[in-house]
Each structure stands twice: as structure tokens, then as C-alpha cells.
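S.K.: Next comes model-v8.cif, mmCIF, C-alpha atoms and all ligand atoms:
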data_input
loop_
_atom_site.label_atom_id
_atom_site.label_comp_id
_atom_site.auth_asym_id
_atom_site.auth_seq_id
_atom_site.Cartn_x
_atom_site.Cartn_y
_atom_site.Cartn_z
CA MET A 158 114.51 116.61 123.63
CA ASP A 159 115.83 113.48 121.95
CA GLU A 160 116.37 112.99 118.20
CA ARG A 161 112.97 111.39 117.67
CA GLN A 162 111.17 114.26 119.35
CA ARG A 163 113.25 116.76 117.37
CA ARG A 164 112.18 115.07 114.13
CA LYS A 165 108.52 115.27 115.16
CA VAL A 166 108.78 118.95 116.00
CA ALA A 167 110.62 119.64 112.73
CA THR A 168 107.87 117.88 110.79
CA MET A 169 105.22 119.88 112.60
CA LEU A 170 107.03 123.19 112.04
CA GLU A 171 107.21 122.39 108.34
CA PHE A 172 103.50 121.74 108.42
CA TYR A 173 102.82 125.12 110.10
CA GLU A 174 105.03 126.85 107.57
CA ASP A 175 103.00 125.38 104.73
CA LEU A 176 99.93 126.97 106.29
CA GLY A 177 101.73 130.31 106.44
CA ILE A 178 102.00 130.21 110.25
CA GLU A 179 105.28 131.55 111.51
CA GLU A 180 104.46 132.64 115.05
CA PHE A 181 103.76 130.19 117.83
CA TYR A 182 102.47 130.07 121.37
CA ILE A 183 105.05 128.49 123.61
CA GLY A 184 103.70 126.03 126.10
CA ARG A 185 100.18 125.92 124.73
CA ALA A 186 98.55 122.61 125.45
CA GLY A 187 97.80 120.64 122.39
CA ILE A 188 100.64 121.65 120.11
CA ALA A 189 102.99 119.07 121.53
CA LYS A 190 100.22 116.51 121.26
CA VAL A 191 99.61 117.39 117.62
CA ALA A 192 103.33 117.11 116.91
CA SER A 193 103.42 113.79 118.67
CA ASP A 194 100.33 112.47 116.91
CA ARG A 195 101.53 113.65 113.56
CA GLY A 196 104.91 112.04 114.05
CA ARG A 197 103.15 108.83 114.92
CA ALA A 198 100.95 109.09 111.85
CA ILE A 199 103.92 109.68 109.59
CA SER A 200 105.97 106.82 110.96
CA GLY A 201 103.09 104.40 111.41
CA ASP A 202 102.25 101.77 108.88
CA GLY A 203 98.89 101.62 107.23
CA ALA A 204 98.37 105.32 107.79
CA ARG A 205 96.21 105.51 104.73
CA ARG A 206 93.17 103.35 104.78
CA SER A 207 90.14 103.46 102.62
CA ALA A 208 87.06 105.09 104.01
CA SER A 209 84.26 102.71 104.70
CA ALA A 210 81.51 105.27 104.46
CA GLU A 211 79.09 104.46 101.72
CA VAL A 212 77.74 107.34 99.67
CA LYS A 213 73.99 107.28 99.65
CA HIS A 214 71.68 110.02 98.63
CA GLY A 215 68.09 110.67 99.30
CA PRO A 216 65.77 113.40 98.07
CA ARG A 217 66.91 116.94 98.79
CA PRO A 218 65.18 118.28 101.85
CA GLN A 219 64.87 121.89 102.96
CA THR A 220 67.97 123.90 103.75
CA SER A 221 69.24 123.18 107.22
CA ASN A 222 69.20 125.97 109.72
CA VAL A 223 71.40 124.07 112.10
CA GLY A 224 73.90 126.40 113.62
CA PHE A 225 71.61 129.38 113.54
CA GLU A 226 69.72 128.45 116.66
CA LYS A 227 71.13 128.28 120.12
CA PRO A 228 71.48 124.60 120.96
CA PRO A 229 71.29 123.15 124.43
CA ALA A 230 74.68 122.51 125.96
CA ALA A 231 75.58 118.88 125.60
CA GLN A 232 78.37 116.53 126.42
CA SER A 233 80.85 115.76 123.70
CA LYS A 234 80.83 112.20 122.38
CA GLN A 235 84.20 110.51 122.29
CA ALA A 236 85.26 108.21 119.48
CA ALA A 237 87.13 107.68 116.27
CA ALA A 238 86.70 109.82 113.22
CA LEU A 239 86.70 108.71 109.63
CA GLN A 240 89.81 108.01 107.65
CA THR A 241 90.80 109.96 104.58
CA THR A 242 91.57 107.91 101.51
CA ALA A 243 94.87 108.22 99.74
CA ALA A 244 95.18 111.14 97.39
CA PRO A 245 96.19 110.30 93.85
CA GLY A 246 99.61 110.57 92.29
CA PRO A 247 102.34 112.51 94.03
CA MET A 248 100.02 113.51 96.86
CA ALA A 249 99.65 109.96 98.14
CA GLN A 250 102.30 110.46 100.85
CA SER A 251 100.45 113.28 102.51
CA MET A 252 98.24 112.92 105.55
CA SER A 253 95.39 114.96 106.87
CA LEU A 254 94.84 116.32 110.34
CA PHE A 255 91.85 114.02 110.55
CA GLU A 256 94.24 111.15 110.88
CA THR A 257 95.99 112.87 113.76
CA SER A 258 92.69 113.58 115.45
CA SER A 259 91.17 110.25 114.67
CA GLN A 260 90.77 109.33 118.31
CA ALA A 261 89.17 112.64 119.19
CA MET A 262 85.55 111.75 118.74
CA ALA A 263 83.36 109.25 117.02
CA PRO A 264 80.25 109.93 115.05
CA ARG A 265 77.09 108.13 116.07
CA GLU A 266 75.54 105.89 113.50
CA ASP A 267 73.06 107.75 111.31
CA GLU A 268 73.42 110.93 113.27
CA THR A 269 71.88 114.18 112.05
CA LEU A 270 73.37 117.63 111.73
CA GLU A 271 71.12 118.66 114.60
CA GLN A 272 72.68 116.00 116.83
CA ILE A 273 76.19 117.09 115.87
CA ARG A 274 75.27 120.70 116.64
CA GLU A 275 73.89 119.57 119.97
CA ASP A 276 77.13 117.75 120.76
CA LEU A 277 79.10 120.88 119.92
CA GLY A 278 77.01 122.81 122.43
CA ASP A 279 78.34 126.12 123.72
CA CYS A 280 81.79 124.90 122.80
CA HIS A 281 84.86 126.07 124.70
CA ARG A 282 87.11 123.24 123.60
CA CYS A 283 89.75 125.59 122.17
CA ARG A 284 90.97 129.14 122.71
CA LEU A 285 88.92 130.52 119.80
CA ALA A 286 85.85 130.44 122.04
CA SER A 287 87.13 133.42 124.00
CA GLY A 288 86.96 135.83 121.05
CA ARG A 289 83.84 134.72 119.26
CA HIS A 290 80.34 136.12 119.34
CA THR A 291 78.70 133.19 117.60
CA ILE A 292 79.55 129.63 116.68
CA VAL A 293 79.25 129.31 112.91
CA PHE A 294 78.28 125.69 112.49
CA GLY A 295 77.34 125.59 108.81
CA GLN A 296 74.45 126.29 106.49
CA GLY A 297 72.72 124.63 103.62
CA ASN A 298 71.15 121.47 102.32
CA PRO A 299 71.79 118.64 104.82
CA HIS A 300 71.90 116.17 101.90
CA ALA A 301 73.82 118.34 99.45
CA ASP A 302 75.83 116.79 96.66
CA LEU A 303 78.35 119.57 97.10
CA VAL A 304 79.93 120.78 100.33
CA PHE A 305 82.20 123.82 100.50
CA VAL A 306 84.74 123.93 103.30
CA GLY A 307 86.46 127.21 104.06
CA GLU A 308 88.93 128.25 106.71
CA GLY A 309 87.00 129.96 109.52
CA PRO A 310 84.40 132.63 110.19
CA GLY A 311 85.27 136.28 109.65
CA ALA A 312 83.71 139.32 111.28
CA ASP A 313 80.45 139.20 109.30
CA GLU A 314 80.07 135.48 109.84
CA ASP A 315 80.81 135.83 113.55
CA ALA A 316 78.17 138.54 113.83
CA GLN A 317 75.50 136.66 111.89
CA GLY A 318 76.30 133.07 112.82
CA LEU A 319 76.33 132.08 109.15
CA PRO A 320 79.23 130.99 106.95
CA PHE A 321 80.43 133.06 103.98
CA VAL A 322 78.12 136.04 104.31
CA GLY A 323 80.69 138.82 103.88
CA ARG A 324 82.42 139.94 100.68
CA ALA A 325 84.02 136.53 100.18
CA GLY A 326 80.62 134.97 100.69
CA ARG A 327 79.08 137.18 98.04
CA LEU A 328 81.77 136.08 95.59
CA LEU A 329 81.12 132.45 96.52
CA ASN A 330 77.38 132.99 95.97
CA ARG A 331 78.12 134.49 92.55
CA MET A 332 80.29 131.51 91.58
CA ILE A 333 77.61 129.09 92.76
CA GLU A 334 74.99 130.91 90.69
CA LEU A 335 77.24 131.13 87.63
CA ALA A 336 77.61 127.38 87.93
CA GLY A 337 73.84 127.05 87.69
CA MET A 338 73.24 126.20 91.33
CA LYS A 339 71.65 127.97 94.27
CA ARG A 340 73.29 128.57 97.61
CA GLU A 341 70.55 126.59 99.30
CA ASP A 342 71.41 123.56 97.14
CA VAL A 343 74.88 123.22 98.68
CA TYR A 344 76.24 123.03 102.21
CA ILE A 345 78.82 125.56 103.41
CA CYS A 346 81.03 125.29 106.48
CA ASN A 347 84.57 125.86 107.76
CA ILE A 348 87.37 123.90 109.36
CA VAL A 349 86.91 125.89 112.60
CA LYS A 350 83.59 127.23 113.79
CA CYS A 351 84.75 130.26 115.75
CA ARG A 352 86.41 133.36 114.38
CA PRO A 353 90.19 133.41 114.89
CA PRO A 354 91.45 136.77 116.24
CA ASN A 355 92.19 139.26 113.46
CA ASN A 356 91.17 136.59 110.97
CA ARG A 357 94.45 134.78 111.42
CA THR A 358 94.84 131.25 110.10
CA PRO A 359 93.55 128.71 112.66
CA LEU A 360 96.38 127.04 114.56
CA PRO A 361 96.87 123.30 114.18
CA ASP A 362 95.66 122.48 117.67
CA GLU A 363 92.51 124.55 117.08
CA ILE A 364 91.94 122.69 113.82
CA GLU A 365 92.59 119.39 115.51
CA THR A 366 90.07 120.17 118.23
CA CYS A 367 87.33 121.46 115.94
CA SER A 368 87.75 119.36 112.81
CA PRO A 369 86.13 116.16 114.16
CA PHE A 370 82.83 118.05 114.09
CA LEU A 371 83.44 119.02 110.46
CA LEU A 372 84.25 115.43 109.65
CA ARG A 373 81.02 114.29 111.25
CA GLN A 374 79.09 116.91 109.26
CA ILE A 375 80.60 115.66 106.01
CA ARG A 376 79.93 112.06 106.94
CA THR A 377 76.32 112.88 107.72
CA ILE A 378 75.73 114.94 104.58
CA LYS A 379 77.41 112.34 102.33
CA PRO A 380 78.20 114.76 99.50
CA ARG A 381 79.41 113.62 96.10
CA LEU A 382 82.08 116.32 96.13
CA VAL A 383 83.82 118.40 98.79
CA CYS A 384 85.27 121.67 97.53
CA CYS A 385 88.17 122.80 99.72
CA LEU A 386 88.41 126.58 99.66
CA GLY A 387 92.01 127.58 100.28
CA ALA A 388 95.14 125.95 101.60
CA PRO A 389 94.10 125.37 105.25
CA ALA A 390 91.00 123.45 104.16
CA VAL A 391 93.08 121.43 101.70
CA LYS A 392 95.67 120.70 104.34
CA THR A 393 93.07 119.72 106.90
CA LEU A 394 90.93 117.50 104.71
CA LEU A 395 93.49 116.06 102.31
CA GLY A 396 96.81 116.50 104.07
CA VAL A 397 98.27 117.84 100.85
CA LYS A 398 101.39 119.91 101.42
CA GLU A 399 101.79 121.42 97.96
CA GLY A 400 100.70 125.00 97.46
CA ILE A 401 97.12 125.68 96.44
CA THR A 402 98.20 127.16 93.09
CA LYS A 403 99.79 123.82 92.19
CA ILE A 404 97.01 121.50 93.22
CA ARG A 405 93.84 123.50 92.64
CA GLY A 406 91.43 122.12 90.09
CA GLN A 407 92.49 118.49 90.65
CA PHE A 408 90.22 115.81 92.02
CA TYR A 409 91.29 113.83 95.08
CA ASP A 410 89.82 110.77 96.70
CA PHE A 411 88.28 111.67 100.03
CA GLN A 412 86.25 109.42 102.31
CA GLY A 413 84.78 107.36 99.52
CA THR A 414 83.95 110.42 97.49
CA LYS A 415 85.90 113.21 95.76
CA ALA A 416 87.39 116.51 96.83
CA LEU A 417 88.52 119.40 94.70
CA PRO A 418 90.78 122.18 96.02
CA THR A 419 90.41 125.70 94.73
CA PHE A 420 91.22 129.23 95.81
CA HIS A 421 89.49 130.76 98.80
CA PRO A 422 87.18 133.53 97.57
CA ALA A 423 88.91 135.99 99.94
CA TYR A 424 92.18 135.30 98.11
CA VAL A 425 90.47 135.97 94.79
CA LEU A 426 89.13 139.26 96.13
CA ARG A 427 92.71 140.25 96.90
CA ASN A 428 93.90 138.91 93.53
CA PRO A 429 91.07 139.64 91.08
CA ARG A 430 92.94 138.14 88.13
CA GLU A 431 92.52 134.73 89.77
CA GLU A 432 88.74 134.90 89.39
CA LYS A 433 89.14 133.32 85.96
CA ILE A 434 90.80 130.32 87.60
CA LEU A 435 88.07 130.12 90.22
CA ARG A 436 85.46 130.07 87.46
CA GLU A 437 87.36 127.29 85.70
CA ASP A 438 87.36 125.21 88.88
CA PHE A 439 83.63 125.79 89.34
CA GLN A 440 83.11 124.63 85.80
CA LYS A 441 84.93 121.40 86.70
CA ILE A 442 82.63 121.02 89.69
CA VAL A 443 79.57 121.40 87.46
CA GLU A 444 80.89 118.89 84.92
CA PHE A 445 81.78 116.40 87.66
CA LEU A 446 78.36 116.59 89.30
CA ALA A 447 76.65 116.36 85.91
CA SER A 448 78.66 113.23 85.09
CA LEU A 449 77.13 111.48 88.11
CA HIS A 450 73.58 111.67 86.77
S1 LIG B 501 86.66 126.65 117.10
FE1 LIG B 501 85.53 124.71 117.31
S2 LIG B 501 86.57 123.63 119.00
FE2 LIG B 501 87.18 125.80 119.12
S3 LIG B 501 85.70 126.71 120.56
FE3 LIG B 501 84.91 127.02 118.46
S4 LIG B 501 83.50 125.30 118.08
FE4 LIG B 501 84.82 124.76 119.87
#
Go ahead and express the file in the form of C-alpha cells.

M.R.:
Amino acid sequence: MDERQRRKVATMLEFYEDLGIEEFYIGRAGIAKVASDRGRAISGDGARRSASAEVKHGPRPQTSNVGFEKPPAAQSKQAAALQTTAAPGPMAQSMSLFETSSQAMAPREDETLEQIREDLGDCHRCRLASGRHTIVFGQGNPHADLVFVGEGPGADEDAQGLPFVGRAGRLLNRMIELAGMKREDVYICNIVKCRPPNNRTPLPDEIETCSPFLLRQIRTIKPRLVCCLGAPAVKTLLGVKEGITKIRGQFYDFQGTKALPTFHPAYVLRNPREEKILREDFQKIVEFLASLH
């Protein structure tokens, strides 16, 4: 391994460490590619480019049930994903995994969530397929102003095929209702769509493989705000390396719209005193959305 490769691996290991991942598979396909891609992204010029997606909103249709039905198997579409805009202030140096996976797959113009779900098919693109019962695609209003992005399905979600339906989901529902919204008003999904074994944090190559579908969902929904629930979602969408306690409650530019990191509800369940902070962040969400009208 030459010096350049060593630097790439060191950068990637630092990235894993930020996600709380300290154990690794040796020789797993994909990890070296992620390290290589990330190194390229970090050293490349013009890594941060503005998103070109325009935010347009139509009337709110019925809640989407995409992801609850078994789709026909379909071929994946190859292409480029969207770019993430630069985060403000000290975060501007960071990069998201979307940039590293930007050649993974391209959205079709004006595609629907149903088409994205069809492309996903009976997905076996990463190792998480082997332990799942159900792909948890996402749930909610396909034109929601607000999208929540969590980490990955847990046992309840895997069993039901729906995101955030366990204890953490009930806390999320309560926060949504306290904020004056209904669950069916928003869209809820995760950075990976299959349950990681023992609820471990998804590995970077799993995130890299799955996240283009998330990106396409967000592009299709065109929300006014994306709420990143927990550090892995923040890292994936915004590329921000700072800890969630430091950056939560701040607004970031993201694909022509805004993103706000906050605690994952599962973390708040383990640390009940943080519920006050979670409520504060939801209040910011409400005020931000209200300011748009
Ligand atoms: S986590 Fe995503 S990429 Fe991996 S098998 Fe599931 S749907 Fe496919």
C-alpha cells in the first residue's frame, strides 16, 4: 500500500469511527471502493456543487403505501445521483456519502416513488438482504414538506415493512403530533432499507449501495425540510463529521432545500432527559415550515 492509499484508508477509518463503527470485515467488496471514492472526493476540486433540483410543490395527495406491497423485480437503473450543497459555516468542508456514490445510479426525470420502489425490486445489492424479512422502503405523503430520515429498520419495522413503528416510532409519532402535524402528513424513511443484524449501525458500503434510492426518494418528494434523525443520517446526507450533540438543531443547505439534524428517537428513549432537546428541535421545524407560508 503506497502513501496515497494509506491516506485514503486513514480518512475512511476516521469516517467509520465517527459513526461509532470499530469492527470491520476484512476483504469485503465495496469497502476499498468507498475508501477510494472518498479519497477522490476529498482531494478533487469542485467537490461541492449546488444542487440543481428545483423545489416545487403540488397539492398534498394521499399517503403513499409504496414499500408495503411486494413490487415486481426490476432491473436497477444506472446513473448519477444528486449533489449535496455546501453546509454552512464550519461544516462546509465536509462531504456526504452521496458524493462518493454519485455514479451509482441516476434518477429518471419526474419519476414516482412507485417507480423507485420498482427499481429497488427484491433487492440483494448488499449483505443486509440476507438477514431481512421485509424491505422497508418508506411511508407517508409522497409530496410531504417534511421528510424524516433515520438509520435503518429495527425488528418491528422489519416484521411490518414500515418505518418507525416500534418504540422509537411511537416517540417520533408523539413528537410529530406535539408539533401539530400528523404522521400521514410527512414522509419517513431510512438510509438503508433492510435491517442490519442486531440493529448495528449500517456499514459504509451498505449505505453507499442503498443511499442512491433514498436520494431518489427525496428528489421525487421535493420536501422543504429533511430532518436527519441521528448521526448516521447526518453523516450520509450532509457529510458532517461533528457529533450530533454539537450540530443538532442547526439548519443546513441540502439539495436546494434545508436539512436539520436532531437526535434519533431511539437515543432519546435511552436518554430520556434529551427529550426536551428533541422537542426544541421539533419546534424549530414547525417554525421553519410556518415561515414558508
Ligand atoms: S439495504 Fe438497500 S441495498 Fe442493501 S439489500 Fe436492502 S434494499 Fe438492497

S.K.: Between A:Gly318, A:Ile442, A:Arg327, A:Ile348, which residue has the minimum interatomic distance to Phe370 of chain A, considering only C-alpha atoms?

M.R.: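 Among A:Gly318, A:Ile442, A:Arg327, A:Ile348, it is A:Ile348 that comes nearest to Phe370 of chain A.
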
S.K.: Could you pull out the residues sitting within 9 Å of ligand LIG 501 (chain B), using all atoms listed in the file, and write them as an MDAnalysis selection string?

M.R.: chainID A and resid 277:287 289 291:294 309 348:353 359 363:370

S.K.: For a quick check of understanding, using all atoms listed in the file, which of A:Asn347, A:Thr414, A:Ser448, A:Asn330 has the smallest distance to Ala390 of chain A?

M.R.: A:Asn347

S.K.: Neighbouring residues of Glu437 of chain A were defined as those with any atom within 8 Å, considering all atoms listed in the file; residues of the same chain fewer than 4 positions away were excluded. Please report them as a list in words.

M.R.: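 Counting only the stated atoms, we get Gly406, Lys433 and Lys441 of chain A.
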
S.K.: Since we have the selection now, will you write its residues out, keeping C-alpha atoms, as a PDB file, keeping the file's coordinate frame?

M.R.:
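Produced file out23.pdb, reproduced below:
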ATOM      1  CA  GLY A 406      91.430 122.120  90.090  1.00  0.00           C
ATOM      2  CA  LYS A 433      89.140 133.320  85.960  1.00  0.00           C
ATOM      3  CA  LYS A 441      84.930 121.400  86.700  1.00  0.00           C
TER       4      LYS A 441
END

S.K.: Quick one: distance from atom CA of Leu303 of chain A to atom CA of Pro429 of chain A in Å, one decimal?

M.R.: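 Computing it gives 24.5 Å between the two atoms.
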
S.K.: Output as an mmCIF file, keeping the file's coordinate frame: segment 355-366 of chain A, completed with all heavy atoms.

M.R.:
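Okay, this is what ended up in selection_25.cif:
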data_model
loop_
_atom_site.group_PDB
_atom_site.id
_atom_site.type_symbol
_atom_site.label_atom_id
_atom_site.label_comp_id
_atom_site.auth_asym_id
_atom_site.auth_seq_id
_atom_site.Cartn_x
_atom_site.Cartn_y
_atom_site.Cartn_z
ATOM 1 N N ASN A 355 91.649 138.547 114.630
ATOM 2 C CA ASN A 355 92.190 139.260 113.460
ATOM 3 C C ASN A 355 92.192 138.402 112.197
ATOM 4 O O ASN A 355 93.027 138.585 111.321
ATOM 5 C CB ASN A 355 93.618 139.757 113.739
ATOM 6 C CG ASN A 355 93.649 140.680 114.941
ATOM 7 O OD1 ASN A 355 92.812 141.572 115.061
ATOM 8 N ND2 ASN A 355 94.566 140.440 115.847
ATOM 9 N N ASN A 356 91.290 137.471 112.142
ATOM 10 C CA ASN A 356 91.170 136.590 110.970
ATOM 11 C C ASN A 356 92.451 135.824 110.656
ATOM 12 O O ASN A 356 92.701 135.473 109.502
ATOM 13 C CB ASN A 356 90.730 137.382 109.724
ATOM 14 C CG ASN A 356 89.346 137.953 109.887
ATOM 15 O OD1 ASN A 356 88.544 137.439 110.666
ATOM 16 N ND2 ASN A 356 89.061 139.024 109.165
ATOM 17 N N ARG A 357 93.241 135.560 111.679
ATOM 18 C CA ARG A 357 94.450 134.780 111.420
ATOM 19 C C ARG A 357 94.076 133.349 111.035
ATOM 20 O O ARG A 357 92.957 132.897 111.274
ATOM 21 C CB ARG A 357 95.371 134.784 112.650
ATOM 22 C CG ARG A 357 94.804 134.049 113.846
ATOM 23 C CD ARG A 357 95.929 133.602 114.785
ATOM 24 N NE ARG A 357 95.444 133.172 116.086
ATOM 25 C CZ ARG A 357 94.833 132.030 116.324
ATOM 26 N NH1 ARG A 357 94.568 131.188 115.339
ATOM 27 N NH2 ARG A 357 94.443 131.713 117.542
ATOM 28 N N THR A 358 95.056 132.659 110.443
ATOM 29 C CA THR A 358 94.840 131.250 110.100
ATOM 30 C C THR A 358 94.672 130.440 111.399
ATOM 31 O O THR A 358 95.430 130.642 112.349
ATOM 32 C CB THR A 358 96.060 130.707 109.327
ATOM 33 O OG1 THR A 358 96.249 131.520 108.171
ATOM 34 C CG2 THR A 358 95.852 129.256 108.911
ATOM 35 N N PRO A 359 93.691 129.548 111.447
ATOM 36 C CA PRO A 359 93.550 128.710 112.660
ATOM 37 C C PRO A 359 94.832 127.921 112.917
ATOM 38 O O PRO A 359 95.482 127.447 111.976
ATOM 39 C CB PRO A 359 92.399 127.768 112.311
ATOM 40 C CG PRO A 359 91.678 128.422 111.186
ATOM 41 C CD PRO A 359 92.687 129.231 110.429
ATOM 42 N N LEU A 360 95.183 127.795 114.193
ATOM 43 C CA LEU A 360 96.380 127.040 114.560
ATOM 44 C C LEU A 360 96.071 125.538 114.518
ATOM 45 O O LEU A 360 94.915 125.128 114.678
ATOM 46 C CB LEU A 360 96.853 127.437 115.956
ATOM 47 C CG LEU A 360 97.291 128.900 116.084
ATOM 48 C CD1 LEU A 360 97.609 129.237 117.529
ATOM 49 C CD2 LEU A 360 98.489 129.188 115.190
ATOM 50 N N PRO A 361 97.107 124.748 114.314
ATOM 51 C CA PRO A 361 96.870 123.300 114.180
ATOM 52 C C PRO A 361 96.117 122.676 115.341
ATOM 53 O O PRO A 361 95.290 121.800 115.139
ATOM 54 C CB PRO A 361 98.297 122.741 114.053
ATOM 55 C CG PRO A 361 99.041 123.842 113.390
ATOM 56 C CD PRO A 361 98.505 125.109 113.987
ATOM 57 N N ASP A 362 96.387 123.114 116.564
ATOM 58 C CA ASP A 362 95.660 122.480 117.670
ATOM 59 C C ASP A 362 94.196 122.914 117.688
ATOM 60 O O ASP A 362 93.324 122.157 118.117
ATOM 61 C CB ASP A 362 96.345 122.753 119.020
ATOM 62 C CG ASP A 362 96.371 124.227 119.381
ATOM 63 O OD1 ASP A 362 96.636 125.050 118.489
ATOM 64 O OD2 ASP A 362 96.136 124.560 120.554
ATOM 65 N N GLU A 363 93.910 124.115 117.199
ATOM 66 C CA GLU A 363 92.510 124.550 117.080
ATOM 67 C C GLU A 363 91.799 123.717 116.008
ATOM 68 O O GLU A 363 90.657 123.283 116.184
ATOM 69 C CB GLU A 363 92.463 126.032 116.732
ATOM 70 C CG GLU A 363 93.020 126.940 117.822
ATOM 71 C CD GLU A 363 93.446 128.314 117.331
ATOM 72 O OE1 GLU A 363 93.370 128.585 116.113
ATOM 73 O OE2 GLU A 363 93.881 129.121 118.172
ATOM 74 N N ILE A 364 92.515 123.498 114.909
ATOM 75 C CA ILE A 364 91.940 122.690 113.820
ATOM 76 C C ILE A 364 91.730 121.257 114.303
ATOM 77 O O ILE A 364 90.687 120.653 114.065
ATOM 78 C CB ILE A 364 92.865 122.721 112.579
ATOM 79 C CG1 ILE A 364 92.937 124.135 112.006
ATOM 80 C CG2 ILE A 364 92.386 121.729 111.517
ATOM 81 C CD1 ILE A 364 93.959 124.301 110.888
ATOM 82 N N GLU A 365 92.713 120.773 115.022
ATOM 83 C CA GLU A 365 92.590 119.390 115.510
ATOM 84 C C GLU A 365 91.395 119.233 116.439
ATOM 85 O O GLU A 365 90.683 118.230 116.419
ATOM 86 C CB GLU A 365 93.868 118.967 116.238
ATOM 87 C CG GLU A 365 93.815 117.509 116.660
ATOM 88 C CD GLU A 365 94.893 117.148 117.649
ATOM 89 O OE1 GLU A 365 95.299 118.011 118.439
ATOM 90 O OE2 GLU A 365 95.312 115.988 117.631
ATOM 91 N N THR A 366 91.169 120.243 117.264
ATOM 92 C CA THR A 366 90.070 120.170 118.230
ATOM 93 C C THR A 366 88.717 120.282 117.540
ATOM 94 O O THR A 366 87.765 119.580 117.881
ATOM 95 C CB THR A 366 90.213 121.308 119.262
ATOM 96 O OG1 THR A 366 91.506 121.220 119.864
ATOM 97 C CG2 THR A 366 89.148 121.206 120.337
#
